[in-house]
Amino acid sequence: MSMSLLFFLFLFLSVLISSSPAPYPYDTVYHIDCGSPTALTDSFNTTWQPDTFYTGGFTSIVSEPLHFRLPQEKTLRYFPLSSGKKNCYVVPLPHGRYYLRTFTVYDNYDGKSHSPSFDTSVEGTVVFSWRSPWQANLARDGAYSDLFAFVTDGELDLCFYSIATDPPLIGSLSIVQIDPLSYGAGNDYVLVNYGRLSCGSQQWGPGFSNDTDNFGRSWQSDAEFRSSSGSNSVRAVGTRERIANTNQGPNYFPMKLYQTAVMGSEGVEYALEVDAKLDYLLWFHFAEIDSSVSKAGERVFDVVVNERNVSRIDIVANVGSFAAFDWNYTVKNLTATVLSVKLVPVVGAVLICGLENYALLPPDLSTMPDQVIAMRALKESLRVPNRMGWNGDPCAPTNWDAWEGVTCRPNKDDTALVIFQIDLGSQGLKGYISDQIGLLSNLVSVNLSSNSLGGTLPSGLGQNSLVRLDLSNNRFSGSIPDSLTSSNLQLVLLNDNLLEGRVPEELYSIGVHGGAIDLSGNKGLCGVPSLPECPLFWGNGGLSTGGEIKTIMTLVCLKI
């Protein structure tokens, strides 16, 4: 083989390798078939694992299974009030950014003909709200919803909150790890999809076709979103040519997106339904796929958003022909419920391949991480029943009620939420108080009265912030910890327990200085007025180690 041929083959392989996209570097993926006890593989070769990571609820199937194309659309998990007002999927995930897609369907699975009202949150931020009655086609067919969010604490909390007495529900959940730099929004926002349009094509992507999107995004046809203005001049165009600059980080937009487009000599206009009082991120996708346009200046058009001219586009001038060109724009504090996007021709016809619209939701405040740890430890140690809905973040979202019996408030600099009060009197609790309660450094009031709690009082129960403590009518044993004397307690009710030992004088003095204290009904307590005297050398819970009886023997020698 000649050297010139070898050089040609080497050059060809080098170009081929350099033009091929690098492998997708993220491999954390979950596809959960909610309500299904078994794994399955759908017609697009996606494997769905059986239902897992849920905190409660029950399973069901839609009323008309044959109406649904995919098996994962036929089952669901619902959360009645017996599982609590708040229920979650808690999925272990490495730190990073994720694409989440849910399928929500009612289809009269319960025979009540009442589609439910509920909210859905991701990492403590409300992202979807469902209100009864749903539109008829939505209730029967269901809907896919998706978003991008960061997970920073090792697990994803996807939570559901019942409105009134309605049971929230979910049909399926997909989670795909994506590039943390995608869409340029950082971790300051949750991006909720309000429209992901592929121009000049039918709907495609995971769940709708065999076309690949590394993020798992599905793309819907733009046809129903185009306004009638200038529609006679709009036509779809396509190509099978390869498009450069696709399937690359950080956004990994698929090549298929740029192989179809719509063109309009009189322009193209879209009307996108939105919710008012939010900011929106628009992403525009272009590629010059008309071989008759090959020079800068041959196709130029303006982008007009809500009647404001925001940019002039010349695709070839930016990237050349048959190459992807993306541009984004943020709409601030939108006051209307329709977002208008127009492409206005300057030279030649306008051309667009795709358009995405995302609501920018700032993350809600969340509970301080150490206090989350403390509350989860208390949930286990107190054996809090499922009906109380102690799932997900104890305090977030802020427009939901906190965990039942828990009151929260922002910390001093308004950067996080803290536990302010715990009120679980007469709830049938049968566990003990975890020592992790000491992590609740902002706790002002604790009421665990009239339960069947036992064990000793933890030393952590002595926060400086604590003002009111009611542990009466339980089965606590052992001594009163000295840590309680360092708090600012004004009310202490420890009556009717099994406590014993000397009562710290500093604790008893609460009653002397205007507060209230009740230690009655503890036969083993002693050492303060109204209680028996303590046995000699009796300390907290037993014999004092500070007292000893010393016998001194003196040897006297007598001289006789």
# chains A, B, ... in the order shown; residues from 1 in each chain; ligands from 1
$ select_by_dssp --residues "stretch 169-399 of chain A" --states "strand (DSSP E or B)" --output "ChimeraX atom specification"
/A:169-170,172-178,190-198,204,219-221,226,234-238,244,260-264,268-273,279-287,300-305,308-313,323-331,338-347,350-352,354-361,367
$ select_by_dssp --residues "stretch 336-453 of chain A" --states "helix (DSSP H, G or I)" --output "VMD selection string"
chain A and resid 369 to 382 386 to 388 435 to 439
$ write_last_selection --atoms "C-alpha atoms" --output "PDB file, in the first residue's frame"
ATOM      1  CA  PRO A 369     -29.806  20.332  56.526  1.00  0.00           C
ATOM      2  CA  ASP A 370     -28.884  19.533  60.136  1.00  0.00           C
ATOM      3  CA  GLN A 371     -32.449  20.175  61.215  1.00  0.00           C
ATOM      4  CA  VAL A 372     -33.733  17.867  58.474  1.00  0.00           C
ATOM      5  CA  ILE A 373     -31.471  15.175  59.950  1.00  0.00           C
ATOM      6  CA  ALA A 374     -32.897  15.849  63.402  1.00  0.00           C
ATOM      7  CA  MET A 375     -36.518  15.708  62.258  1.00  0.00           C
ATOM      8  CA  ARG A 376     -36.021  12.466  60.348  1.00  0.00           C
ATOM      9  CA  ALA A 377     -34.401  10.954  63.449  1.00  0.00           C
ATOM     10  CA  LEU A 378     -37.381  12.079  65.522  1.00  0.00           C
ATOM     11  CA  LYS A 379     -39.773  10.605  62.965  1.00  0.00           C
ATOM     12  CA  GLU A 380     -38.144   7.215  63.500  1.00  0.00           C
ATOM     13  CA  SER A 381     -37.667   7.413  67.269  1.00  0.00           C
ATOM     14  CA  LEU A 382     -41.163   8.764  67.989  1.00  0.00           C
ATOM     15  CA  ASN A 386     -47.955   7.574  58.259  1.00  0.00           C
ATOM     16  CA  ARG A 387     -51.232   9.471  58.526  1.00  0.00           C
ATOM     17  CA  MET A 388     -49.280  12.533  59.703  1.00  0.00           C
ATOM     18  CA  ASP A 435     -30.759  12.730  71.030  1.00  0.00           C
ATOM     19  CA  GLN A 436     -30.643  14.377  67.565  1.00  0.00           C
ATOM     20  CA  ILE A 437     -33.261  16.791  68.908  1.00  0.00           C
ATOM     21  CA  GLY A 438     -30.269  18.780  70.094  1.00  0.00           C
ATOM     22  CA  LEU A 439     -29.684  19.840  66.468  1.00  0.00           C
TER      23      LEU A 439
END
$ atom_distance --atom1 "atom CA of A:Ala324" --atom2 "atom CA of A:Lys256"
10.7 Å
$ closest_atom_pairs --of "stretch 160-270 of chain A" --to "stretch 107-114 of chain A" --cutoff "12 Å" --atoms "only C-alpha atoms" --output "JSON lines"
{"residue": "A:Thr165", "atom": "CA", "partner": "A:His114", "partner_atom": "CA", "distance": 11.5}
{"residue": "A:Asp166", "atom": "CA", "partner": "A:His114", "partner_atom": "CA", "distance": 8.9}
{"residue": "A:Pro167", "atom": "CA", "partner": "A:His114", "partner_atom": "CA", "distance": 10.4}
{"residue": "A:Pro168", "atom": "CA", "partner": "A:His114", "partner_atom": "CA", "distance": 11.9}
{"residue": "A:Leu169", "atom": "CA", "partner": "A:Tyr109", "partner_atom": "CA", "distance": 10.5}
{"residue": "A:Ile170", "atom": "CA", "partner": "A:Tyr109", "partner_atom": "CA", "distance": 11.9}
{"residue": "A:Gly171", "atom": "CA", "partner": "A:Asp107", "partner_atom": "CA", "distance": 11.0}
$ residues_around --residues "A:Trp134" --least-positions-apart "3" --cutoff "10 Å" --atoms "only C-alpha atoms" --output "VMD selection string"
chain A and resid 106 114 to 117 130 to 131 137 to 140 142
$ write_last_selection --atoms "N, CA and C atoms" --output "PDB file, in the first residue's frame"
ATOM      1  N   TYR A 106     -55.704  10.357  35.312  1.00  0.00           N
ATOM      2  CA  TYR A 106     -56.803  10.009  36.209  1.00  0.00           C
ATOM      3  C   TYR A 106     -57.651   8.883  35.612  1.00  0.00           C
ATOM      4  N   HIS A 114     -64.227  12.120  39.660  1.00  0.00           N
ATOM      5  CA  HIS A 114     -63.773  13.369  40.288  1.00  0.00           C
ATOM      6  C   HIS A 114     -62.250  13.436  40.190  1.00  0.00           C
ATOM      7  N   SER A 115     -61.758  14.152  39.196  1.00  0.00           N
ATOM      8  CA  SER A 115     -60.308  14.325  39.067  1.00  0.00           C
ATOM      9  C   SER A 115     -59.790  15.131  40.252  1.00  0.00           C
ATOM     10  N   PRO A 116     -58.627  14.759  40.804  1.00  0.00           N
ATOM     11  CA  PRO A 116     -58.186  15.336  42.082  1.00  0.00           C
ATOM     12  C   PRO A 116     -57.491  16.682  41.937  1.00  0.00           C
ATOM     13  N   SER A 117     -57.502  17.438  43.022  1.00  0.00           N
ATOM     14  CA  SER A 117     -56.736  18.679  43.140  1.00  0.00           C
ATOM     15  C   SER A 117     -55.522  18.420  44.035  1.00  0.00           C
ATOM     16  N   TRP A 130     -52.483  20.849  39.985  1.00  0.00           N
ATOM     17  CA  TRP A 130     -53.623  20.223  39.309  1.00  0.00           C
ATOM     18  C   TRP A 130     -54.885  20.589  40.070  1.00  0.00           C
ATOM     19  N   ARG A 131     -55.874  21.121  39.347  1.00  0.00           N
ATOM     20  CA  ARG A 131     -57.100  21.545  40.003  1.00  0.00           C
ATOM     21  C   ARG A 131     -58.309  20.914  39.317  1.00  0.00           C
ATOM     22  N   ASN A 137     -60.284  15.710  28.048  1.00  0.00           N
ATOM     23  CA  ASN A 137     -59.243  14.941  27.358  1.00  0.00           C
ATOM     24  C   ASN A 137     -58.033  14.720  28.249  1.00  0.00           C
ATOM     25  N   LEU A 138     -57.731  15.674  29.127  1.00  0.00           N
ATOM     26  CA  LEU A 138     -56.603  15.533  30.045  1.00  0.00           C
ATOM     27  C   LEU A 138     -56.880  14.456  31.083  1.00  0.00           C
ATOM     28  N   ALA A 139     -58.090  14.433  31.618  1.00  0.00           N
ATOM     29  CA  ALA A 139     -58.445  13.428  32.619  1.00  0.00           C
ATOM     30  C   ALA A 139     -58.394  12.024  32.033  1.00  0.00           C
ATOM     31  N   ARG A 140     -58.793  11.898  30.748  1.00  0.00           N
ATOM     32  CA  ARG A 140     -58.849  10.568  30.149  1.00  0.00           C
ATOM     33  C   ARG A 140     -57.494  10.125  29.608  1.00  0.00           C
ATOM     34  N   GLY A 142     -54.374  11.677  30.101  1.00  0.00           N
ATOM     35  CA  GLY A 142     -53.191  11.960  30.890  1.00  0.00           C
ATOM     36  C   GLY A 142     -52.285  12.951  30.186  1.00  0.00           C
TER      37      GLY A 142
END
$ closest_atom_pairs --of "stretch 358-423 of chain A" --to "stretch 174-185 of chain A" --cutoff "12 Å" --atoms "only C-alpha atoms" --output "tab-separated table"
residue	atom	partner	partner_atom	distance
A:Tyr358	CA	A:Tyr183	CA	10.0
A:Ala359	CA	A:Ala185	CA	11.3
A:Leu360	CA	A:Ala185	CA	8.6
A:Leu361	CA	A:Ala185	CA	10.6
A:Pro362	CA	A:Ala185	CA	10.6
$ write_last_selection --atoms "N, CA and C atoms" --output "PDB file, in the first residue's frame"
ATOM      1  N   TYR A 358     -39.410  27.952  28.905  1.00  0.00           N
ATOM      2  CA  TYR A 358     -39.324  27.444  30.270  1.00  0.00           C
ATOM      3  C   TYR A 358     -39.653  28.545  31.269  1.00  0.00           C
ATOM      4  N   ALA A 359     -40.499  28.222  32.248  1.00  0.00           N
ATOM      5  CA  ALA A 359     -40.699  29.125  33.379  1.00  0.00           C
ATOM      6  C   ALA A 359     -39.485  29.012  34.296  1.00  0.00           C
ATOM      7  N   LEU A 360     -38.993  30.154  34.741  1.00  0.00           N
ATOM      8  CA  LEU A 360     -37.849  30.195  35.651  1.00  0.00           C
ATOM      9  C   LEU A 360     -38.375  30.326  37.080  1.00  0.00           C
ATOM     10  N   LEU A 361     -38.357  29.226  37.821  1.00  0.00           N
ATOM     11  CA  LEU A 361     -38.866  29.238  39.187  1.00  0.00           C
ATOM     12  C   LEU A 361     -37.698  29.313  40.165  1.00  0.00           C
ATOM     13  N   PRO A 362     -37.595  30.391  40.940  1.00  0.00           N
ATOM     14  CA  PRO A 362     -36.529  30.435  41.954  1.00  0.00           C
ATOM     15  C   PRO A 362     -36.789  29.394  43.030  1.00  0.00           C
TER      16      PRO A 362
END
$ closest_residue --among "A:Asp141, A:Glu404, A:Glu123, A:Glu241" --to "A:Asn187" --atoms "only C-alpha atoms"
A:Glu123
